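Student: Sending over a structure as structure tokens; questions will come in a sec.
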Number of protein chains: 2
Amino acid sequence: MTNPLILKLEQRDQLSDDEKKALENAIARIRVVEADEDIVREGDRPTESSLLLDGFAARYKIVSNGRRQISALHVPGDFLDLHSFLLKTMDHGVLALTTCRIATVPHATLEKITDEYPHLTRMLWLSTLIDGAIHREWLTAMGRLSATAHMAHLICELFLRLKAVGRADGDTIQLPVTQAELGDTLGLSTVHVNRVLQELRKEGLIRFQGDALTILDWERLKKVGEFTSTYLSLQNEDR
Amino acid sequence: MTNPLILKLEQRDQLSDDEKKALENAIARIRVVEADEDIVREGDRPTESSLLLDGFAARYKIVSNGRRQISALHVPGDFLDLHSFLLKTMDHGVLALTTCRIATVPHATLEKITDEYPHLTRMLWLSTLIDGAIHREWLTAMGRLSATAHMAHLICELFLRLKAVGRADGDTIQLPVTQAELGDTLGLSTVHVNRVLQELRKEGLIRFQGDALTILDWERLKKVGEFTSTYLSLQNEDR
DNA sequence: TGGCCGCACTCACATATGTTTATGCTCAGG
DNA sequence: CCTGAGCATAAACATATGTGAGTGCGGCCA
């Protein structure tokens, strides 16, 4: 089975065999983290970065009154903390939402890659830039869209991101995320998440039973969520 | 006068003379953009990136009902669209909030830097990672803090960022940003921005007359905004 | 010098979303 | 087969923030 990171990057630009080999060799070990466990903690100074191979994970921060905000949801192929390579100190934690299979890449190896593989370096840089683009999109959705639109937007995004790494089954994705976690992602209460999901269901836009989320009307869902995929950089071009 | 980007980067790690020279030489030309003009437009595919030398600028997105969300506020030393080097298509616009002096750096030159200067490349990468860290912090503030706390947080951040590039005068910074623009940044209405500023003033935390913003009680302001500066990566270390 | 125009500021009222509390489903474990 | 935990769902009520409309000030320009 191919490394989902390679899958993700090759969607954006071609990788040489050398580069692919360098990526594969960068993996020092593979570990498994159980659901609800921390993968990295706020304040940590990791000496390696974690690449998600399987499962769902979230970056999060806790604020004073114990409330939590999730600032990123991660799917296979995503680096969870590639930024710790240069930022050094984690300004947030990373949590496993399901059982996660994780490849660890030592920062020393990343440094070597930046010395020897300029194009591959740009591709890794790109992957953090996409994270940033997603952050901006979330900011816009959170600040200026209604809760319903925001939820629709998130669903559109997750569908495309999962599809891009071969994790969509037709119009259905597995989304093993509780309504409380969705609330922490969207900045809403669980109660309101529930209301909003009901509405999307009532409108015939989605089905969502158990973990299985099915898109029933992609076009209308996109419209409700004011979704355009530009920010995901899904095009293959020279970078 | 030193290039504020060099000032900004040298605060995070040492730069060699060669690297500084490479940065200076990367500037193809300098242009001036008047307040309220677009510097880059959503959908553009720039062939050069813009480095802000003087003035204030904002990244923004307009949503369907005409509402606007500002996803980043930029001060001198910030790249406005370094990410366009690899993301290629702008997923948002960039606007001059005041008259801006801007240095343009061709993407071809950036590519050359990534080929020849690994450490400098990492420092440029770092600067986009700091943008990302700020985005995450804004997400948390927007999703889980009260409007007042969010405003306090933003003020703390801008104060430190301006101070880091020598643009603070004691406890005072120039913040030539209207309340409407602050609203678009925080995801609030102008009316509520006004209420929240009154409250911070009444509490004796800030003075804000005209463009001059003075921090009257840093410790309490930090506390109200639940502000910690980790995410700004202000420490000098090997990167 | 007069008159706009942009902006800060106010008030009255509207509403999206939060809070609290409770119910019932489903599924894993004993 | 029962039990409890975790989760989705529900209803009643509370509130932070939005909306719409308006005032007044200060600076710029004719």
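Lettering and numbering for the structure tokens are positional, with chains as A, B, ... in the shown order, residues counted from 1 in each chain, and ligands counted from 1 in the shown order.
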Write out as a ChimeraX atom specification all residues of stretch 14-147 of chain B that DSSP puts in alpha helix (DSSP H) for this structure's backbone.
Tutor: /B:17-26,84-87,107-116,118-144,147
Student: Extract, using only C-alpha atoms (C1' of nucleotides), all DNA, RNA and protein residues at most 10 Å from stretch 4-17 of chain D, discarding same-chain residues fewer than 3 positions from it, and format them as a count of residues only.
Tutor: 29
Student: Starting from chain C, keep only residues with some atom at most 10 Å from an atom of chain B, counting only C-alpha atoms (C1' of nucleotides), and report them as a list in words.
Tutor: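 Going by the stated atoms only, the list reads DC7, DA8, DC9 and DT10 of chain C.
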Student: Please, which residues of stretch 68-162 of chain B, numbered as in this document, come out strand (DSSP E or B) from DSSP, as a list of chain:residue names?
Tutor: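 Going through stretch 68-162 of chain B, the strand (DSSP E or B) residues come out as B:Arg68, B:Gln69, B:Ile70, B:Ser71, B:Ala72, B:Leu73, B:His74, B:Phe79, B:Gly93, B:Val94, B:Leu95, B:Ala96, B:Cys100, B:Arg101, B:Ile102, B:Ala103, B:Thr104, B:Val105, B:Pro106.
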Student: Can those selected residues be exported to a file as an mmCIF file, in the first residue's frame so that it contains N, CA and C atoms?
Tutor:
data_model
loop_
_atom_site.group_PDB
_atom_site.id
_atom_site.type_symbol
_atom_site.label_atom_id
_atom_site.label_comp_id
_atom_site.auth_asym_id
_atom_site.auth_seq_id
_atom_site.Cartn_x
_atom_site.Cartn_y
_atom_site.Cartn_z
ATOM 1 N N ARG B 68 -17.150 40.516 4.901
ATOM 2 C CA ARG B 68 -15.721 40.311 4.680
ATOM 3 C C ARG B 68 -15.076 39.720 5.907
ATOM 4 N N GLN B 69 -14.143 38.811 5.710
ATOM 5 C CA GLN B 69 -13.350 38.307 6.831
ATOM 6 C C GLN B 69 -11.887 38.570 6.554
ATOM 7 N N ILE B 70 -11.235 39.186 7.508
ATOM 8 C CA ILE B 70 -9.788 39.394 7.415
ATOM 9 C C ILE B 70 -9.116 38.223 8.124
ATOM 10 N N SER B 71 -8.237 37.513 7.419
ATOM 11 C CA SER B 71 -7.621 36.326 8.016
ATOM 12 C C SER B 71 -6.198 36.591 8.470
ATOM 13 N N ALA B 72 -5.675 37.766 8.156
ATOM 14 C CA ALA B 72 -4.342 38.113 8.647
ATOM 15 C C ALA B 72 -4.147 39.620 8.575
ATOM 16 N N LEU B 73 -3.490 40.146 9.583
ATOM 17 C CA LEU B 73 -3.087 41.551 9.570
ATOM 18 C C LEU B 73 -1.572 41.569 9.459
ATOM 19 N N HIS B 74 -1.058 42.395 8.558
ATOM 20 C CA HIS B 74 0.393 42.372 8.356
ATOM 21 C C HIS B 74 1.075 43.675 8.693
ATOM 22 N N PHE B 79 5.883 38.872 4.873
ATOM 23 C CA PHE B 79 5.550 38.567 3.480
ATOM 24 C C PHE B 79 4.026 38.481 3.396
ATOM 25 N N GLY B 93 -7.633 37.705 -1.181
ATOM 26 C CA GLY B 93 -7.013 38.943 -1.622
ATOM 27 C C GLY B 93 -6.139 39.532 -0.534
ATOM 28 N N VAL B 94 -5.298 40.474 -0.910
ATOM 29 C CA VAL B 94 -4.512 41.222 0.076
ATOM 30 C C VAL B 94 -4.728 42.704 -0.196
ATOM 31 N N LEU B 95 -5.004 43.415 0.863
ATOM 32 C CA LEU B 95 -5.455 44.800 0.782
ATOM 33 C C LEU B 95 -4.521 45.694 1.575
ATOM 34 N N ALA B 96 -4.229 46.885 1.043
ATOM 35 C CA ALA B 96 -3.449 47.862 1.808
ATOM 36 C C ALA B 96 -4.384 48.602 2.745
ATOM 37 N N CYS B 100 1.246 51.584 1.573
ATOM 38 C CA CYS B 100 2.210 50.508 1.831
ATOM 39 C C CYS B 100 3.408 50.613 0.900
ATOM 40 N N ARG B 101 4.584 50.424 1.473
ATOM 41 C CA ARG B 101 5.784 50.286 0.661
ATOM 42 C C ARG B 101 6.093 48.800 0.590
ATOM 43 N N ILE B 102 6.232 48.316 -0.635
ATOM 44 C CA ILE B 102 6.303 46.874 -0.836
ATOM 45 C C ILE B 102 7.493 46.492 -1.701
ATOM 46 N N ALA B 103 8.239 45.486 -1.248
ATOM 47 C CA ALA B 103 9.336 44.953 -2.064
ATOM 48 C C ALA B 103 8.827 43.713 -2.772
ATOM 49 N N THR B 104 9.115 43.577 -4.036
ATOM 50 C CA THR B 104 8.648 42.381 -4.742
ATOM 51 C C THR B 104 9.818 41.444 -5.007
ATOM 52 N N VAL B 105 9.568 40.166 -4.747
ATOM 53 C CA VAL B 105 10.588 39.131 -4.903
ATOM 54 C C VAL B 105 10.078 38.101 -5.907
ATOM 55 N N PRO B 106 10.732 37.998 -7.050
ATOM 56 C CA PRO B 106 10.272 37.063 -8.088
ATOM 57 C C PRO B 106 10.315 35.621 -7.590
#
Student: In Å, how far is it from atom CA of B:Leu129 to atom CA of A:Pro118?
Tutor: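 Atom CA of A:Pro118 lies at a distance of 17.9 Å from atom CA of B:Leu129.
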Student: Excluding A:Lys163 and any residue of its chain fewer than 3 positions from it, enumerate the residues within 12 Å of it, using only C-alpha atoms (C1' of nucleotides), and give them as a PyMOL selection string.
Tutor: chain A and resi 4+7-8+11+75-77+156-160+166-174+234
Student: Generate the output file for the selected residues, N, CA and C atoms, as a compact mmCIF listing (two decimals), in the first residue's frame.
Tutor:
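Below is the file selection35.txt, written as the result:
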# COMPACT_ATOMS: atom_id res chain seq x y z
N PRO A 4 0.41 7.34 2.10
CA PRO A 4 -0.60 8.34 1.73
C PRO A 4 -0.02 9.75 1.57
N LEU A 7 0.94 9.87 -1.98
CA LEU A 7 -0.32 10.04 -2.70
C LEU A 7 -0.75 11.50 -2.70
N LYS A 8 -0.70 12.09 -1.53
CA LYS A 8 -1.13 13.48 -1.36
C LYS A 8 -0.25 14.44 -2.16
N GLN A 11 -0.46 14.33 -6.02
CA GLN A 11 -1.63 14.99 -6.57
C GLN A 11 -1.33 16.45 -6.91
N VAL A 75 -6.33 13.83 8.28
CA VAL A 75 -6.67 12.57 7.63
C VAL A 75 -5.36 11.93 7.16
N PRO A 76 -5.38 10.66 6.79
CA PRO A 76 -4.14 10.00 6.38
C PRO A 76 -3.42 10.79 5.28
N GLY A 77 -2.09 10.83 5.41
CA GLY A 77 -1.29 11.59 4.46
C GLY A 77 -0.90 12.96 5.00
N CYS A 156 -17.86 19.49 3.08
CA CYS A 156 -17.32 19.53 1.71
C CYS A 156 -15.80 19.33 1.74
N GLU A 157 -15.16 20.06 2.62
CA GLU A 157 -13.70 19.98 2.69
C GLU A 157 -13.22 18.58 3.04
N LEU A 158 -13.81 18.01 4.08
CA LEU A 158 -13.36 16.69 4.51
C LEU A 158 -13.60 15.66 3.43
N PHE A 159 -14.72 15.80 2.74
CA PHE A 159 -15.00 14.85 1.67
C PHE A 159 -13.91 14.89 0.61
N LEU A 160 -13.55 16.09 0.16
CA LEU A 160 -12.52 16.19 -0.88
C LEU A 160 -11.16 15.74 -0.37
N GLY A 166 -7.80 8.63 -1.38
CA GLY A 166 -8.45 7.34 -1.64
C GLY A 166 -9.29 6.82 -0.50
N ARG A 167 -9.78 7.71 0.36
CA ARG A 167 -10.56 7.26 1.51
C ARG A 167 -12.05 7.57 1.37
N ALA A 168 -12.50 7.85 0.15
CA ALA A 168 -13.94 8.04 -0.05
C ALA A 168 -14.48 6.83 -0.81
N ASP A 169 -15.69 6.44 -0.45
CA ASP A 169 -16.31 5.30 -1.11
C ASP A 169 -17.56 5.85 -1.81
N GLY A 170 -17.37 6.24 -3.07
CA GLY A 170 -18.46 6.90 -3.78
C GLY A 170 -18.74 8.24 -3.13
N ASP A 171 -19.98 8.43 -2.68
CA ASP A 171 -20.34 9.69 -2.03
C ASP A 171 -20.28 9.58 -0.52
N THR A 172 -19.68 8.49 -0.04
CA THR A 172 -19.68 8.25 1.39
C THR A 172 -18.27 8.28 1.97
N ILE A 173 -18.14 8.90 3.11
CA ILE A 173 -16.88 8.84 3.84
C ILE A 173 -17.17 8.35 5.26
N GLN A 174 -16.14 7.78 5.87
CA GLN A 174 -16.23 7.42 7.28
C GLN A 174 -15.77 8.62 8.08
N LEU A 234 -5.62 21.33 -5.24
CA LEU A 234 -5.70 19.97 -5.73
C LEU A 234 -5.12 19.80 -7.14
